[in-house]
Amino acid sequence: DEVDLPCQGGLFVNGWAISSRYWKPLVQALSGSFRCIIYDQSGTGKTLIKGHKPSFTIQGFADEAGELIEHLGLNKSRNLHIVGHSMGGMVATELSLRYKASLVSSAIIACGIFEETAFTSFGLFFLGGLIDVSMNFRNIFQSEPFRSLFIKRAATKEISKEYGDILIEDFTQSDKDATNAVGKFSIDPEALRAYTRHVIEIASPVLCCVGMADHTIPPEGTITLFDTRKARSSAPTTLVQFMNLGHLPMLEDTHNFAEALKKHFDFARKFHENSSEEMPLCNKYQIS
């Protein structure tokens, strides 16, 4: 039987070392109004394609996702929303520039920009070392107390056991080489410089969303992203701060996160439909 799908589509791009499964509660909340497509990237996702050897780079993941966008016909009209979480925000930015004629909006979750200083350079170097160590000893996170520590690092607010198990399983069972490569490129100085330039160039409305109790990526980077787009971009930018959430707002407070996305999607659609009408360029919201 043919099924009438919503005309607007949302493509969701995963963060580092996690499969697409953590988007499920959010997709359930949005699927009545939007066609939701979860891109389960090679290596760190669960998808295996025989004979396919992807490039574990921002461009490589964007190539994969681009093939999906075109296969599903999401590039044929302006009906595409792209949502990227954490490392996935860098891929989402690349896709937003490639498919700017099809793009209604972008949402960048917990993927900020930071001023390049000696301190941040040392921090990235140190983080690269932590990635190596965590990959070599990641099986310890299957047992307590390390399991709980890992989950609390990712999610400040308690999440269900089902999704706690998914976080642990994905991190400990993902392809080691792929996970290591993805972790390294997401903190590569050149990649970060390119991301900083490109995310400002997105010409459609952008939602910057962050949990202010994020212990994985400092939330200040997302605020800097909002302030920088506010100063340099002619396209609308919205900042939503979840004051008591961590790195996984889609699991920690699915309802309010879904509502923020719906509001953003609706605003972006109206922005493109009423290009001659004056609309607010920048908004900031706090959700407790």
# chains A, B, ... in the order shown; residues from 1 in each chain; ligands from 1
$ select_by_dssp --residues "stretch 22-161 of chain A" --states "strand (DSSP E)" --output "PyMOL selection string"
chain A and resi 35-39+80-85+103-109
$ write_last_selection --atoms "N, CA and C atoms" --output "mmCIF file, in the first residue's frame"
data_model
loop_
_atom_site.group_PDB
_atom_site.id
_atom_site.type_symbol
_atom_site.label_atom_id
_atom_site.label_comp_id
_atom_site.auth_asym_id
_atom_site.auth_seq_id
_atom_site.Cartn_x
_atom_site.Cartn_y
_atom_site.Cartn_z
ATOM 1 N N ARG A 35 9.046 13.637 7.728
ATOM 2 C CA ARG A 35 9.657 12.399 7.275
ATOM 3 C C ARG A 35 11.066 12.363 7.859
ATOM 4 N N CYS A 36 11.323 11.458 8.783
ATOM 5 C CA CYS A 36 12.591 11.432 9.513
ATOM 6 C C CYS A 36 13.507 10.345 8.957
ATOM 7 N N ILE A 37 14.712 10.733 8.586
ATOM 8 C CA ILE A 37 15.707 9.801 8.060
ATOM 9 C C ILE A 37 16.933 9.863 8.956
ATOM 10 N N ILE A 38 17.316 8.714 9.484
ATOM 11 C CA ILE A 38 18.489 8.652 10.348
ATOM 12 C C ILE A 38 19.645 8.079 9.546
ATOM 13 N N TYR A 39 20.716 8.833 9.440
ATOM 14 C CA TYR A 39 21.902 8.398 8.699
ATOM 15 C C TYR A 39 22.843 7.670 9.656
ATOM 16 N N LEU A 80 14.165 20.094 3.025
ATOM 17 C CA LEU A 80 15.131 19.318 3.801
ATOM 18 C C LEU A 80 15.627 20.072 5.032
ATOM 19 N N HIS A 81 15.458 19.445 6.186
ATOM 20 C CA HIS A 81 16.067 19.917 7.433
ATOM 21 C C HIS A 81 17.216 18.964 7.771
ATOM 22 N N ILE A 82 18.357 19.496 8.153
ATOM 23 C CA ILE A 82 19.508 18.663 8.511
ATOM 24 C C ILE A 82 19.863 18.933 9.964
ATOM 25 N N VAL A 83 19.923 17.857 10.750
ATOM 26 C CA VAL A 83 20.184 17.945 12.187
ATOM 27 C C VAL A 83 21.445 17.150 12.499
ATOM 28 N N GLY A 84 22.444 17.799 13.073
ATOM 29 C CA GLY A 84 23.691 17.122 13.415
ATOM 30 C C GLY A 84 24.006 17.261 14.883
ATOM 31 N N HIS A 85 24.397 16.155 15.498
ATOM 32 C CA HIS A 85 24.707 16.137 16.928
ATOM 33 C C HIS A 85 26.194 15.892 17.141
ATOM 34 N N LEU A 103 17.831 23.091 1.212
ATOM 35 C CA LEU A 103 17.843 23.208 2.670
ATOM 36 C C LEU A 103 16.799 24.196 3.178
ATOM 37 N N VAL A 104 15.962 23.720 4.098
ATOM 38 C CA VAL A 104 15.048 24.605 4.820
ATOM 39 C C VAL A 104 15.747 25.135 6.066
ATOM 40 N N SER A 105 16.395 24.232 6.816
ATOM 41 C CA SER A 105 17.070 24.654 8.040
ATOM 42 C C SER A 105 18.151 23.660 8.427
ATOM 43 N N SER A 106 19.021 24.122 9.306
ATOM 44 C CA SER A 106 20.013 23.262 9.952
ATOM 45 C C SER A 106 19.844 23.382 11.459
ATOM 46 N N ALA A 107 20.156 22.298 12.156
ATOM 47 C CA ALA A 107 20.202 22.328 13.619
ATOM 48 C C ALA A 107 21.530 21.720 14.047
ATOM 49 N N ILE A 108 22.287 22.474 14.816
ATOM 50 C CA ILE A 108 23.599 22.037 15.288
ATOM 51 C C ILE A 108 23.501 21.848 16.797
ATOM 52 N N ILE A 109 23.658 20.605 17.231
ATOM 53 C CA ILE A 109 23.471 20.259 18.641
ATOM 54 C C ILE A 109 24.815 19.939 19.275
#
$ residues_around --residues "A:Ala235" --least-positions-apart "3" --cutoff "10 Å" --atoms "only C-alpha atoms" --output "list in words"
Ile200, Glu201, Ile202, Ala203, Ser204, Pro205, Val206, Arg229, Lys230, Arg232, Phe271, Pro280, Leu281 and Cys282 of chain A
$ closest_atom_pairs --of "stretch 250-269 of chain A" --to "stretch 161-179 of chain A" --cutoff "12 Å" --atoms "only C-alpha atoms" --output "JSON lines"
{"residue": "A:Met250", "atom": "CA", "partner": "A:Tyr163", "partner_atom": "CA", "distance": 11.1}
{"residue": "A:Leu251", "atom": "CA", "partner": "A:Tyr163", "partner_atom": "CA", "distance": 8.0}
{"residue": "A:Glu252", "atom": "CA", "partner": "A:Tyr163", "partner_atom": "CA", "distance": 10.3}
$ residues_around --residues "A:Thr196" --least-positions-apart "4" --cutoff "12 Å" --atoms "only C-alpha atoms" --output "count of residues only"
24
$ select_by_dssp --residues "stretch 53-116 of chain A" --states "helix (DSSP H, G or I)" --output "ChimeraX atom specification"
/A:58-71,87-98
$ residues_around --residues "A:Cys7" --least-positions-apart "4" --cutoff "10 Å" --atoms "only C-alpha atoms" --output "ChimeraX atom specification"
/A:33-35,74,77-80
